[in-house]
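Everything below belongs to coords_25.tsv, which stores TSV, C-alpha atoms.
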```tsv
chain	number	residue	atom	x	y	z
A	1	MET	CA	0.00	0.00	0.00
A	2	ASP	CA	3.02	2.33	0.35
A	3	ASN	CA	2.95	3.10	-3.37
A	4	TYR	CA	-0.34	5.01	-3.01
A	5	ARG	CA	0.34	8.72	-3.52
A	6	GLY	CA	-0.22	10.44	-0.20
A	7	ALA	CA	-2.27	9.01	2.63
A	8	ARG	CA	-4.56	6.03	2.34
A	9	THR	CA	-7.67	8.19	2.21
A	10	ALA	CA	-11.22	7.05	1.45
A	11	VAL	CA	-14.64	8.61	1.05
A	12	ILE	CA	-17.61	6.31	1.61
A	13	VAL	CA	-21.06	7.40	0.46
A	14	GLY	CA	-23.75	6.09	2.81
A	15	ALA	CA	-23.72	5.41	6.55
A	16	GLY	CA	-25.81	2.25	6.48
A	17	VAL	CA	-24.71	-1.27	7.35
A	18	ALA	CA	-22.35	-1.63	4.38
A	19	GLY	CA	-20.84	1.84	4.66
A	20	LEU	CA	-20.22	1.75	8.41
A	21	THR	CA	-18.79	-1.78	8.27
A	22	ALA	CA	-16.45	-0.82	5.44
A	23	GLY	CA	-15.45	2.32	7.34
A	24	ILE	CA	-14.59	0.33	10.46
A	25	ALA	CA	-12.61	-2.32	8.56
A	26	LEU	CA	-10.69	0.24	6.48
A	27	ALA	CA	-9.89	2.44	9.47
A	28	ARG	CA	-8.52	-0.55	11.33
A	29	GLY	CA	-6.30	-1.18	8.31
A	30	GLY	CA	-4.76	2.28	8.56
A	31	TRP	CA	-7.06	4.20	6.22
A	32	GLN	CA	-8.28	7.71	6.88
A	33	VAL	CA	-12.03	7.41	6.27
A	34	GLU	CA	-14.80	9.96	5.80
A	35	ILE	CA	-18.43	8.94	5.32
A	36	ALA	CA	-20.94	11.23	3.59
A	37	GLU	CA	-24.52	10.43	4.62
A	38	ILE	CA	-27.45	12.30	3.13
A	39	GLY	CA	-29.74	11.69	6.10
A	40	PRO	CA	-29.64	13.41	9.51
A	41	PRO	CA	-28.14	11.64	12.55
A	42	GLU	CA	-31.61	10.99	13.98
A	43	ALA	CA	-32.99	9.51	10.73
A	44	ASP	CA	-35.35	6.55	11.11
A	45	THR	CA	-33.38	3.52	9.97
A	46	GLY	CA	-36.22	1.01	9.88
A	47	TRP	CA	-37.73	-1.64	12.11
A	48	GLY	CA	-35.71	-4.83	12.36
A	49	LEU	CA	-33.57	-7.35	10.52
A	50	CYS	CA	-32.00	-10.78	10.86
A	51	LEU	CA	-28.31	-11.27	11.42
A	52	THR	CA	-27.85	-14.71	9.90
A	53	GLY	CA	-24.82	-16.89	10.58
A	54	PRO	CA	-22.55	-15.15	8.06
A	55	SER	CA	-23.49	-11.79	9.62
A	56	LEU	CA	-22.58	-13.03	13.10
A	57	ARG	CA	-19.33	-14.53	11.82
A	58	ALA	CA	-18.32	-11.23	10.22
A	59	LEU	CA	-19.36	-9.23	13.28
A	60	ALA	CA	-17.30	-11.59	15.45
A	61	GLU	CA	-14.27	-10.76	13.30
A	62	LEU	CA	-14.96	-7.09	13.98
A	63	GLY	CA	-15.34	-7.77	17.71
A	64	LEU	CA	-18.95	-6.55	17.67
A	65	VAL	CA	-20.96	-9.76	17.83
A	66	ASP	CA	-21.35	-9.76	21.63
A	67	ALA	CA	-22.73	-6.21	21.59
A	68	CYS	CA	-25.26	-7.21	18.92
A	69	LEU	CA	-26.32	-10.38	20.73
A	70	ALA	CA	-26.67	-8.49	24.01
A	71	GLU	CA	-29.19	-6.10	22.46
A	72	GLY	CA	-30.80	-8.50	19.98
A	73	TYR	CA	-32.40	-11.93	20.24
A	74	GLY	CA	-30.41	-15.09	19.51
A	75	MET	CA	-32.14	-17.86	17.54
A	76	ARG	CA	-31.35	-21.15	15.84
A	77	THR	CA	-34.44	-22.20	13.83
A	78	ILE	CA	-36.94	-21.18	11.19
A	79	THR	CA	-40.30	-22.88	11.77
A	80	HIS	CA	-42.57	-23.28	8.74
A	81	VAL	CA	-46.35	-23.60	9.14
A	82	ASP	CA	-48.60	-24.70	6.27
A	83	VAL	CA	-51.81	-23.13	5.01
A	84	ASP	CA	-53.88	-25.17	7.49
A	85	GLY	CA	-51.89	-23.92	10.45
A	86	GLU	CA	-50.03	-27.20	10.91
A	87	PRO	CA	-46.23	-27.48	11.32
A	88	ALA	CA	-44.53	-28.05	7.97
A	89	GLY	CA	-40.93	-28.45	9.07
A	90	GLU	CA	-38.13	-26.72	10.87
A	91	VAL	CA	-34.83	-25.45	9.47
A	92	GLU	CA	-31.92	-25.74	11.90
A	93	LEU	CA	-29.48	-23.08	10.77
A	94	PRO	CA	-25.69	-23.56	10.83
A	95	ARG	CA	-23.99	-22.24	13.96
A	96	LEU	CA	-21.00	-20.31	12.63
A	97	ILE	CA	-19.71	-18.67	15.83
A	98	GLY	CA	-19.66	-21.73	18.08
A	99	ALA	CA	-21.81	-24.73	18.96
A	100	ARG	CA	-23.17	-23.07	22.10
A	101	ARG	CA	-23.91	-19.74	20.47
A	102	PRO	CA	-26.91	-18.62	18.38
A	103	ALA	CA	-27.15	-19.46	14.69
A	104	MET	CA	-28.68	-16.06	13.96
A	105	ALA	CA	-30.15	-13.06	15.76
A	106	GLY	CA	-32.95	-10.61	15.31
A	107	ILE	CA	-32.06	-7.00	16.05
A	108	ALA	CA	-33.69	-3.60	15.70
A	109	ARG	CA	-32.13	-1.66	12.83
A	110	PRO	CA	-31.56	1.49	14.92
A	111	VAL	CA	-29.70	-0.62	17.51
A	112	LEU	CA	-27.40	-2.20	14.91
A	113	HIS	CA	-26.83	1.22	13.37
A	114	ARG	CA	-25.88	2.68	16.76
A	115	ILE	CA	-23.41	-0.14	17.48
A	116	LEU	CA	-21.73	0.25	14.09
A	117	HIS	CA	-21.76	4.05	14.19
A	118	THR	CA	-20.20	4.13	17.66
A	119	GLU	CA	-17.45	1.73	16.64
A	120	ALA	CA	-16.77	3.65	13.42
A	121	GLU	CA	-16.26	6.88	15.33
A	122	ARG	CA	-14.10	5.08	17.91
A	123	CYS	CA	-11.89	3.95	15.01
A	124	GLY	CA	-11.52	7.55	13.82
A	125	VAL	CA	-14.05	7.47	10.98
A	126	VAL	CA	-15.59	10.91	10.38
A	127	VAL	CA	-19.32	10.70	9.57
A	128	ARG	CA	-20.80	13.83	7.99
A	129	HIS	CA	-24.58	14.02	7.77
A	130	GLY	CA	-26.69	15.99	5.32
A	131	MET	CA	-24.14	15.42	2.55
A	132	SER	CA	-24.29	13.57	-0.75
A	133	LEU	CA	-22.05	12.85	-3.72
A	134	VAL	CA	-22.39	15.32	-6.60
A	135	ALA	CA	-19.63	14.30	-9.02
A	136	VAL	CA	-16.74	11.87	-9.29
A	137	ASP	CA	-13.74	11.83	-11.64
A	138	GLN	CA	-10.63	9.70	-11.79
A	139	ASP	CA	-7.60	11.98	-11.37
A	140	GLY	CA	-4.55	9.84	-12.09
A	141	GLU	CA	-4.27	7.33	-9.26
A	142	LEU	CA	-6.66	9.37	-7.12
A	143	VAL	CA	-10.39	10.03	-7.24
A	144	ARG	CA	-11.76	13.57	-7.28
A	145	VAL	CA	-14.95	13.58	-5.20
A	146	ALA	CA	-17.30	16.59	-5.18
A	147	LEU	CA	-19.77	16.72	-2.29
A	148	SER	CA	-23.05	18.59	-1.93
A	149	ASP	CA	-21.63	21.13	0.52
A	150	GLY	CA	-19.39	22.45	-2.27
A	151	THR	CA	-16.19	20.82	-1.01
A	152	VAL	CA	-13.93	18.54	-3.04
A	153	ARG	CA	-11.78	15.62	-1.90
A	154	ARG	CA	-8.90	13.94	-3.75
A	155	VAL	CA	-8.71	10.48	-2.23
A	156	ALA	CA	-7.25	7.07	-2.96
A	157	LEU	CA	-10.62	5.30	-2.75
A	158	LEU	CA	-14.32	6.02	-3.23
A	159	VAL	CA	-16.87	3.50	-1.93
A	160	GLY	CA	-20.53	3.76	-2.89
A	161	ALA	CA	-22.56	2.16	-0.10
A	162	ASP	CA	-25.71	4.20	-0.61
A	163	GLY	CA	-28.28	1.46	-1.06
A	164	ILE	CA	-30.43	0.00	-3.79
A	165	ARG	CA	-31.17	3.45	-5.28
A	166	SER	CA	-27.48	4.36	-5.22
A	167	SER	CA	-26.60	7.73	-6.75
A	168	THR	CA	-22.92	6.71	-6.70
A	169	ARG	CA	-23.69	3.81	-9.00
A	170	GLY	CA	-25.26	6.19	-11.51
A	171	LEU	CA	-22.42	8.71	-11.31
A	172	LEU	CA	-19.95	5.92	-12.06
A	173	GLY	CA	-21.96	5.02	-15.16
A	174	PHE	CA	-23.33	1.67	-13.97
A	175	ALA	CA	-26.84	1.03	-15.28
A	176	THR	CA	-28.73	-1.35	-13.01
A	177	PRO	CA	-32.52	-1.65	-13.35
A	178	LEU	CA	-34.45	-2.38	-10.17
A	179	GLY	CA	-36.63	-5.48	-10.26
A	180	PHE	CA	-40.14	-5.34	-8.81
A	181	HIS	CA	-41.63	-8.79	-8.30
A	182	GLY	CA	-45.32	-8.17	-7.65
A	183	GLN	CA	-44.93	-8.19	-3.87
A	184	MET	CA	-45.36	-5.59	-1.16
A	185	VAL	CA	-43.90	-6.43	2.23
A	186	TRP	CA	-45.50	-5.23	5.47
A	187	ARG	CA	-43.80	-4.97	8.87
A	188	ALA	CA	-45.19	-4.03	12.28
A	189	LEU	CA	-43.46	-3.82	15.67
A	190	VAL	CA	-45.25	-5.89	18.30
A	191	PRO	CA	-44.65	-7.43	21.74
A	192	ARG	CA	-42.91	-10.81	21.40
A	193	PRO	CA	-45.24	-13.73	22.18
A	194	PRO	CA	-43.60	-16.24	24.59
A	195	TRP	CA	-43.81	-19.04	21.99
A	196	ALA	CA	-41.79	-17.07	19.41
A	197	THR	CA	-38.22	-18.20	20.12
A	198	GLY	CA	-37.17	-18.43	16.46
A	199	ILE	CA	-38.42	-17.14	13.13
A	200	GLN	CA	-41.99	-18.29	12.48
A	201	GLN	CA	-43.18	-18.35	8.86
A	202	PHE	CA	-46.80	-19.04	7.92
A	203	ALA	CA	-47.88	-20.04	4.40
A	204	GLY	CA	-51.17	-18.57	3.27
A	205	LYS	CA	-53.47	-19.29	0.37
A	206	THR	CA	-52.39	-16.02	-1.21
A	207	ASP	CA	-49.82	-14.31	1.00
A	208	THR	CA	-47.07	-15.28	3.44
A	209	ALA	CA	-46.76	-14.06	7.01
A	210	GLY	CA	-44.32	-14.45	9.86
A	211	LEU	CA	-42.79	-13.24	13.08
A	212	VAL	CA	-39.16	-12.36	13.91
A	213	PRO	CA	-38.07	-11.80	17.55
A	214	LEU	CA	-35.90	-8.71	18.09
A	215	THR	CA	-35.48	-8.74	21.88
A	216	ASP	CA	-36.95	-10.60	24.85
A	217	ARG	CA	-39.86	-8.18	24.70
A	218	GLN	CA	-40.17	-7.11	21.08
A	219	ALA	CA	-40.66	-8.70	17.65
A	220	TYR	CA	-41.86	-7.69	14.24
A	221	VAL	CA	-44.67	-9.18	12.23
A	222	PHE	CA	-44.15	-9.39	8.49
A	223	LEU	CA	-46.57	-10.10	5.69
A	224	THR	CA	-45.65	-10.52	2.04
A	225	GLU	CA	-48.56	-9.42	-0.14
A	226	ASN	CA	-48.60	-11.20	-3.51
A	227	GLY	CA	-49.90	-10.22	-6.93
A	228	VAL	CA	-50.08	-6.47	-6.36
A	229	GLU	CA	-48.86	-3.33	-8.07
A	230	ARG	CA	-46.55	-0.86	-6.39
A	231	SER	CA	-48.66	1.66	-4.49
A	232	VAL	CA	-48.69	3.92	-1.45
A	233	LEU	CA	-51.40	3.80	1.22
A	234	PRO	CA	-52.25	6.53	3.74
A	235	ASP	CA	-50.56	5.92	7.10
A	236	ALA	CA	-53.94	5.73	8.82
A	237	ASP	CA	-54.94	2.77	6.62
A	238	LEU	CA	-51.85	0.63	7.26
A	239	ALA	CA	-52.76	-1.13	10.51
A	240	PRO	CA	-56.39	-1.87	9.49
A	241	CYS	CA	-55.28	-3.17	6.07
A	242	LEU	CA	-52.61	-5.38	7.63
A	243	ARG	CA	-55.16	-6.86	10.01
A	244	GLN	CA	-57.44	-7.63	7.05
A	245	LEU	CA	-54.63	-9.32	5.12
A	246	LEU	CA	-53.81	-11.49	8.15
A	247	GLU	CA	-57.42	-12.63	8.69
A	248	PRO	CA	-57.32	-15.67	6.31
A	249	PHE	CA	-54.43	-17.26	8.26
A	250	PRO	CA	-55.40	-19.87	10.88
A	251	GLY	CA	-53.73	-20.82	14.16
A	252	ARG	CA	-51.24	-18.59	15.91
A	253	VAL	CA	-51.57	-15.86	13.29
A	254	ALA	CA	-54.76	-14.84	15.09
A	255	GLU	CA	-52.59	-13.68	18.00
A	256	ILE	CA	-50.18	-11.95	15.62
A	257	ARG	CA	-53.14	-10.28	13.90
A	258	SER	CA	-54.34	-8.83	17.17
A	259	LEU	CA	-50.88	-7.52	18.02
A	260	ALA	CA	-50.35	-6.03	14.55
A	261	SER	CA	-53.69	-4.27	14.54
A	262	GLU	CA	-52.69	-2.44	17.72
A	263	SER	CA	-49.20	-1.52	16.50
A	264	GLU	CA	-48.36	2.13	15.97
A	265	SER	CA	-45.37	1.18	13.80
A	266	VAL	CA	-46.53	-0.33	10.51
A	267	VAL	CA	-44.71	0.07	7.19
A	268	ARG	CA	-45.38	-1.22	3.67
A	269	ARG	CA	-42.66	-1.36	1.02
A	270	PRO	CA	-42.23	-2.88	-2.47
A	271	VAL	CA	-40.00	-5.95	-2.77
A	272	LEU	CA	-37.20	-4.73	-5.02
A	273	THR	CA	-33.98	-6.40	-6.14
A	274	ALA	CA	-30.87	-5.28	-7.99
A	275	LEU	CA	-27.81	-7.08	-9.32
A	276	LEU	CA	-24.98	-5.18	-10.95
A	277	GLU	CA	-23.68	-7.07	-13.97
A	278	GLY	CA	-19.98	-7.04	-14.75
A	279	ASP	CA	-17.50	-5.02	-12.72
A	280	TRP	CA	-18.58	-3.16	-9.61
A	281	HIS	CA	-15.60	-0.83	-9.78
A	282	ARG	CA	-14.27	1.86	-12.08
A	283	GLY	CA	-10.76	3.19	-11.48
A	284	ALA	CA	-10.41	3.61	-7.74
A	285	SER	CA	-14.18	3.67	-7.13
A	286	VAL	CA	-16.41	0.73	-6.16
A	287	VAL	CA	-19.99	0.06	-5.09
A	288	ILE	CA	-20.87	-2.42	-2.34
A	289	GLY	CA	-23.88	-3.69	-0.41
A	290	ASP	CA	-27.33	-3.09	-1.88
A	291	ALA	CA	-25.81	-0.67	-4.39
A	292	ALA	CA	-24.26	-3.72	-6.08
A	293	HIS	CA	-26.53	-6.61	-5.05
A	294	ALA	CA	-29.88	-6.17	-3.32
A	295	PRO	CA	-31.74	-9.45	-2.64
A	296	ALA	CA	-35.42	-9.92	-1.86
A	297	PRO	CA	-36.02	-10.26	1.91
A	298	GLN	CA	-37.00	-13.95	1.73
A	299	MET	CA	-33.45	-15.12	2.55
A	300	ALA	CA	-32.98	-12.51	5.32
A	301	SER	CA	-29.36	-12.15	4.20
A	302	GLY	CA	-29.00	-8.67	2.77
A	303	ALA	CA	-27.24	-7.50	5.94
A	304	ALA	CA	-24.92	-10.51	5.78
A	305	LEU	CA	-23.75	-9.60	2.29
A	306	ALA	CA	-23.30	-5.95	3.26
A	307	ILE	CA	-21.21	-6.72	6.36
A	308	GLU	CA	-19.12	-9.26	4.47
A	309	ASP	CA	-18.52	-6.72	1.69
A	310	GLY	CA	-16.99	-4.23	4.09
A	311	LEU	CA	-14.65	-6.82	5.60
A	312	VAL	CA	-13.59	-8.40	2.33
A	313	LEU	CA	-13.01	-5.00	0.71
A	314	ALA	CA	-10.61	-3.94	3.46
A	315	ARG	CA	-8.91	-7.33	3.42
A	316	GLU	CA	-8.26	-7.32	-0.32
A	317	LEU	CA	-7.03	-3.74	-0.32
A	318	GLY	CA	-4.58	-4.71	2.40
A	319	ARG	CA	-3.30	-7.70	0.42
A	320	HIS	CA	-2.59	-5.93	-2.88
A	321	GLU	CA	-0.06	-3.34	-4.01
A	322	SER	CA	-2.56	-1.00	-5.63
A	323	VAL	CA	-6.15	0.05	-5.12
A	324	GLY	CA	-7.09	-1.17	-8.59
A	325	ALA	CA	-5.70	-4.65	-7.94
A	326	GLY	CA	-7.44	-4.78	-4.57
A	327	LEU	CA	-10.77	-3.79	-6.08
A	328	ARG	CA	-10.48	-6.38	-8.85
A	329	ALA	CA	-9.76	-9.08	-6.27
A	330	PHE	CA	-12.68	-7.90	-4.12
A	331	VAL	CA	-15.17	-8.08	-6.98
A	332	SER	CA	-13.81	-11.46	-8.09
A	333	ARG	CA	-14.35	-12.88	-4.60
A	334	ARG	CA	-17.82	-11.47	-4.09
A	335	THR	CA	-19.58	-11.73	-7.45
A	336	GLN	CA	-20.74	-15.35	-7.48
A	337	ARG	CA	-21.70	-15.49	-3.81
A	338	CYS	CA	-23.83	-12.35	-4.06
A	339	ARG	CA	-25.36	-13.41	-7.38
A	340	THR	CA	-26.39	-16.76	-5.90
A	341	LEU	CA	-28.09	-15.09	-2.95
A	342	VAL	CA	-29.98	-12.55	-5.07
A	343	GLU	CA	-31.09	-15.12	-7.64
A	344	THR	CA	-32.16	-17.58	-4.93
A	345	SER	CA	-34.22	-14.90	-3.21
A	346	VAL	CA	-35.99	-14.13	-6.49
A	347	ALA	CA	-36.63	-17.85	-7.07
A	348	ILE	CA	-38.26	-18.07	-3.62
A	349	VAL	CA	-40.50	-15.12	-4.54
A	350	GLY	CA	-41.70	-17.09	-7.57
A	351	LEU	CA	-42.34	-20.23	-5.52
A	352	GLU	CA	-44.35	-18.25	-2.97
A	353	GLN	CA	-46.45	-16.72	-5.71
A	354	ALA	CA	-47.05	-20.18	-7.22
A	355	ARG	CA	-47.96	-21.48	-3.72
A	356	ARG	CA	-45.21	-24.08	-3.94
A	357	HIS	CA	-44.20	-23.41	-0.36
A	358	HIS	CA	-42.57	-26.77	0.36
A	359	GLU	CA	-40.15	-26.22	-2.52
A	360	ALA	CA	-39.35	-22.79	-1.13
A	361	TYR	CA	-38.54	-24.29	2.29
A	362	GLY	CA	-35.94	-26.59	0.76
A	363	LEU	CA	-34.40	-23.76	-1.22
A	364	VAL	CA	-34.13	-21.58	1.90
A	365	ASP	CA	-32.40	-24.40	3.78
A	366	SER	CA	-29.91	-25.19	1.01
A	367	CYS	CA	-29.04	-21.54	0.42
A	368	HIS	CA	-28.37	-20.92	4.12
A	369	ARG	CA	-25.99	-23.88	4.09
A	370	LEU	CA	-24.26	-22.56	1.01
A	371	MET	CA	-23.91	-19.14	2.65
A	372	ALA	CA	-22.29	-20.82	5.65
A	373	GLU	CA	-19.22	-21.41	3.48
A	374	PRO	CA	-16.41	-18.85	4.04
A	375	ALA	CA	-16.97	-15.46	2.42
```

This entry written out as structure tokens:
Amino acid sequence: MDNYRGARTAVIVGAGVAGLTAGIALARGGWQVEIAEIGPPEADTGWGLCLTGPSLRALAELGLVDACLAEGYGMRTITHVDVDGEPAGEVELPRLIGARRPAMAGIARPVLHRILHTEAERCGVVVRHGMSLVAVDQDGELVRVALSDGTVRRVALLVGADGIRSSTRGLLGFATPLGFHGQMVWRALVPRPPWATGIQQFAGKTDTAGLVPLTDRQAYVFLTENGVERSVLPDADLAPCLRQLLEPFPGRVAEIRSLASESESVVRRPVLTALLEGDWHRGASVVIGDAAHAPAPQMASGAALAIEDGLVLARELGRHESVGAGLRAFVSRRTQRCRTLVETSVAIVGLEQARRHHEAYGLVDSCHRLMAEPA
């Protein structure tokens, strides 16, 4: 790395899971890192997510897994329930951080964000809010980065970690259409029922529902609405509509339905995917996380790919003599793994829509085992 002109400096666009993880890993490798985040510090970062085995393994490497487990909810199984409310099988997920430790964990997004943000700042990463990328040009071995506050940086590395609608991706000239798959996903924060000690997934005659624990006291209900167009509903209609969509489900969903109808935190979003074809880098610039590969939520592994990206990026840059060589090695290592996850998630969407739930269960199980392989 000594042949880089000047300091090992990096600008990361986006202070989400991918951007903060990359910032931490790079800073620990001796990089001077600045993150430009368009949102304010108090921005709502969503309800909850799953940290699957690969996420926990990567967080353990960063020394952050214990903090996440302490504030999340450790789990080991996904329980599938058929359209009649009867058990349809249980997936025992691989334990990647030790036989006595959880296979995965639910965690509130704001909590994960706080843990990562705190560690990034402890490592010397500077996070600037209310800023976005305006222009980017390769300037010899360096990258000229123009930010929305009118300032310009000349740095050794630019990382676009600004999500599925990445502006960095567009400024680098990467055309990536977003895929909408005829599904809208609902989520509502609820008290955790005592029986919910792992992910519960319920097959419906039309839709799919489930429950993910986040803490001892809290969980989120999800419902995947099939065969719909993208649309926006008034906030006041969300809880009543979610209750109506949950009514056809038998069994324990009745309890979930009651909890969801009383929730003051209900969201509805389109299921979108993206997969960047070819290289993810141009010169000394690269895109990572959802900006490069955004899966559907059915595999609950988007965070895993994002966290792995940050670690692998820093690792490859540390192993190679130039930024360009490090970025090529990074993309080579990540492409097939991320493609497999995105394509599998889309295949599961299709199986759900065709009501071939038992085939989807097997695909979920096999993909989790494939993802257990080293990143």

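Here atom CA of A:Ser263 stands at a distance of 19.1 Å from atom CA of A:Thr208.
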
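With all atoms listed in the file as the atoms that count, the minimum distance from A:Ile24 to the choices A:Arg165, A:His117, A:Arg128, A:Arg57 is reached by A:His117.
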
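Proximity to A:Glu229 was assessed for A:Pro213, A:Gly324, A:Pro191, A:Gly182 counting only C-alpha atoms; the smallest distance is recorded for A:Gly182.
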
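Minimum atom-to-atom distance to A:Ala22, evaluated using only C-alpha atoms, belongs to A:Ile307 out of A:Val143, A:Ile307, A:Ala188, A:Leu211.
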
Distance query A:Pro374 at most 12 Å, only C-alpha atoms, self and fewer than 3 positions along chain excluded, as a list in words
Gly53, Pro54, Ser55, Arg57, Ala58, Leu96, Leu305, Glu308, Val312, Arg333, Arg334, Arg337, Arg369, Leu370 and Met371 of chain A

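The space separating atom CA of A:Gly318 from atom CA of A:Glu34 comes to 18.2 Å.
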
Near A:Arg328, within 12 Å and counting only C-alpha atoms, which residues show up once chain neighbours fewer than 5 positions away are dropped, as a ChimeraX atom specification?
/A:278-286,312-313,316-317,319-323,333-335

Env of A:Leu93: 12 Å cut, atoms = only C-alpha atoms, seq-sep filter 2 positions within chain, self excluded. Answer as a PyMOL selection string.
chain A and resi 51-54+74-79+90-91+95-97+99+101-105+198-199+364-372

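Using only C-alpha atoms, the shortest contact distance between A:Leu157 and any of A:Pro177, A:Pro110, A:Gly23, A:Gly302 is found at A:Gly23.
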
Shortest contact to A:Val13, candidates A:Gly160, A:Gly227, A:Gly350, A:Gly29, atoms counted only C-alpha atoms, goes to A:Gly160

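Restricting the calculation to all atoms listed in the file, the smallest distance between A:Gln183 and any of A:Asp235, A:Glu225, A:Glu352, A:Asp216 is found for A:Glu225.
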
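Here atom CA of A:Val111 is placed at a distance of 13.3 Å from atom CA of A:Pro41.
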
Can you tell me which residues surround A:Ala10 at a distance of at most 9 Å, considering all atoms listed in the file, apart from same-chain residues fewer than 5 positions away, and format the answer as a ChimeraX atom specification?
/A:23,26,31-35,154-159

Once you have the residues from the selection above, write them out as a CSV table (one decimal), in the coordinates of the input, restricted to C-alpha atoms.
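This went into selection.csv:
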```csv
chain,number,residue,atom,x,y,z
A,23,GLY,CA,-15.4,2.3,7.3
A,26,LEU,CA,-10.7,0.2,6.5
A,31,TRP,CA,-7.1,4.2,6.2
A,32,GLN,CA,-8.3,7.7,6.9
A,33,VAL,CA,-12.0,7.4,6.3
A,34,GLU,CA,-14.8,10.0,5.8
A,35,ILE,CA,-18.4,8.9,5.3
A,154,ARG,CA,-8.9,13.9,-3.8
A,155,VAL,CA,-8.7,10.5,-2.2
A,156,ALA,CA,-7.2,7.1,-3.0
A,157,LEU,CA,-10.6,5.3,-2.8
A,158,LEU,CA,-14.3,6.0,-3.2
A,159,VAL,CA,-16.9,3.5,-1.9
```

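Summary of the local environment: counting only C-alpha atoms, residues at most 6 Å from A:Gly19, other than itself and those fewer than 4 positions away along its chain, are Gly14, Ala15 and Ala161 of chain A.
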
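Taking only C-alpha atoms into account, the polymer residues that have an atom no farther than 9 Å from (-50.7, -13.7, 4.4) are A:Phe202, A:Ala203, A:Gly204, A:Lys205, A:Thr206, A:Asp207, A:Thr208, A:Ala209, A:Gly210, A:Phe222, A:Leu223, A:Thr224, A:Glu225, A:Asn226, A:Leu245, A:Leu246, A:Glu247, A:Pro248, A:Phe249.
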
Write out the residues from the selection above, keeping C-alpha atoms, as a PDB file, in the coordinates of the input.
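Generated output (selection-v1.pdb):
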```pdb
ATOM      1  CA  PHE A 202     -46.800 -19.040   7.920  1.00  0.00           C
ATOM      2  CA  ALA A 203     -47.880 -20.040   4.400  1.00  0.00           C
ATOM      3  CA  GLY A 204     -51.170 -18.570   3.270  1.00  0.00           C
ATOM      4  CA  LYS A 205     -53.470 -19.290   0.370  1.00  0.00           C
ATOM      5  CA  THR A 206     -52.390 -16.020  -1.210  1.00  0.00           C
ATOM      6  CA  ASP A 207     -49.820 -14.310   1.000  1.00  0.00           C
ATOM      7  CA  THR A 208     -47.070 -15.280   3.440  1.00  0.00           C
ATOM      8  CA  ALA A 209     -46.760 -14.060   7.010  1.00  0.00           C
ATOM      9  CA  GLY A 210     -44.320 -14.450   9.860  1.00  0.00           C
ATOM     10  CA  PHE A 222     -44.150  -9.390   8.490  1.00  0.00           C
ATOM     11  CA  LEU A 223     -46.570 -10.100   5.690  1.00  0.00           C
ATOM     12  CA  THR A 224     -45.650 -10.520   2.040  1.00  0.00           C
ATOM     13  CA  GLU A 225     -48.560  -9.420  -0.140  1.00  0.00           C
ATOM     14  CA  ASN A 226     -48.600 -11.200  -3.510  1.00  0.00           C
ATOM     15  CA  LEU A 245     -54.630  -9.320   5.120  1.00  0.00           C
ATOM     16  CA  LEU A 246     -53.810 -11.490   8.150  1.00  0.00           C
ATOM     17  CA  GLU A 247     -57.420 -12.630   8.690  1.00  0.00           C
ATOM     18  CA  PRO A 248     -57.320 -15.670   6.310  1.00  0.00           C
ATOM     19  CA  PHE A 249     -54.430 -17.260   8.260  1.00  0.00           C
TER      20      PHE A 249
END
```

Generate the missing atoms of stretch 342-351 of chain A up to N, CA and C atoms and report them as a short mmCIF file (atom, residue, chain, number, x, y, z; two decimals), in the coordinates of the input.
```
data_model
loop_
_atom_site.label_atom_id
_atom_site.label_comp_id
_atom_site.auth_asym_id
_atom_site.auth_seq_id
_atom_site.Cartn_x
_atom_site.Cartn_y
_atom_site.Cartn_z
N VAL A 342 -28.93 -13.35 -4.44
CA VAL A 342 -29.98 -12.55 -5.07
C VAL A 342 -30.89 -13.43 -5.93
N GLU A 343 -30.29 -14.28 -6.75
CA GLU A 343 -31.09 -15.12 -7.64
C GLU A 343 -31.93 -16.13 -6.85
N THR A 344 -31.38 -16.65 -5.76
CA THR A 344 -32.16 -17.58 -4.93
C THR A 344 -33.34 -16.86 -4.30
N SER A 345 -33.12 -15.65 -3.82
CA SER A 345 -34.22 -14.90 -3.21
C SER A 345 -35.34 -14.64 -4.21
N VAL A 346 -34.98 -14.35 -5.45
CA VAL A 346 -35.99 -14.13 -6.49
C VAL A 346 -36.72 -15.43 -6.82
N ALA A 347 -36.00 -16.55 -6.84
CA ALA A 347 -36.63 -17.85 -7.07
C ALA A 347 -37.64 -18.16 -5.97
N ILE A 348 -37.33 -17.83 -4.73
CA ILE A 348 -38.26 -18.07 -3.62
C ILE A 348 -39.51 -17.20 -3.78
N VAL A 349 -39.34 -15.97 -4.24
CA VAL A 349 -40.50 -15.12 -4.54
C VAL A 349 -41.44 -15.83 -5.50
N GLY A 350 -40.88 -16.39 -6.57
CA GLY A 350 -41.70 -17.09 -7.57
C GLY A 350 -42.41 -18.30 -6.99
N LEU A 351 -41.72 -19.05 -6.14
CA LEU A 351 -42.34 -20.23 -5.52
C LEU A 351 -43.46 -19.83 -4.58
#
```
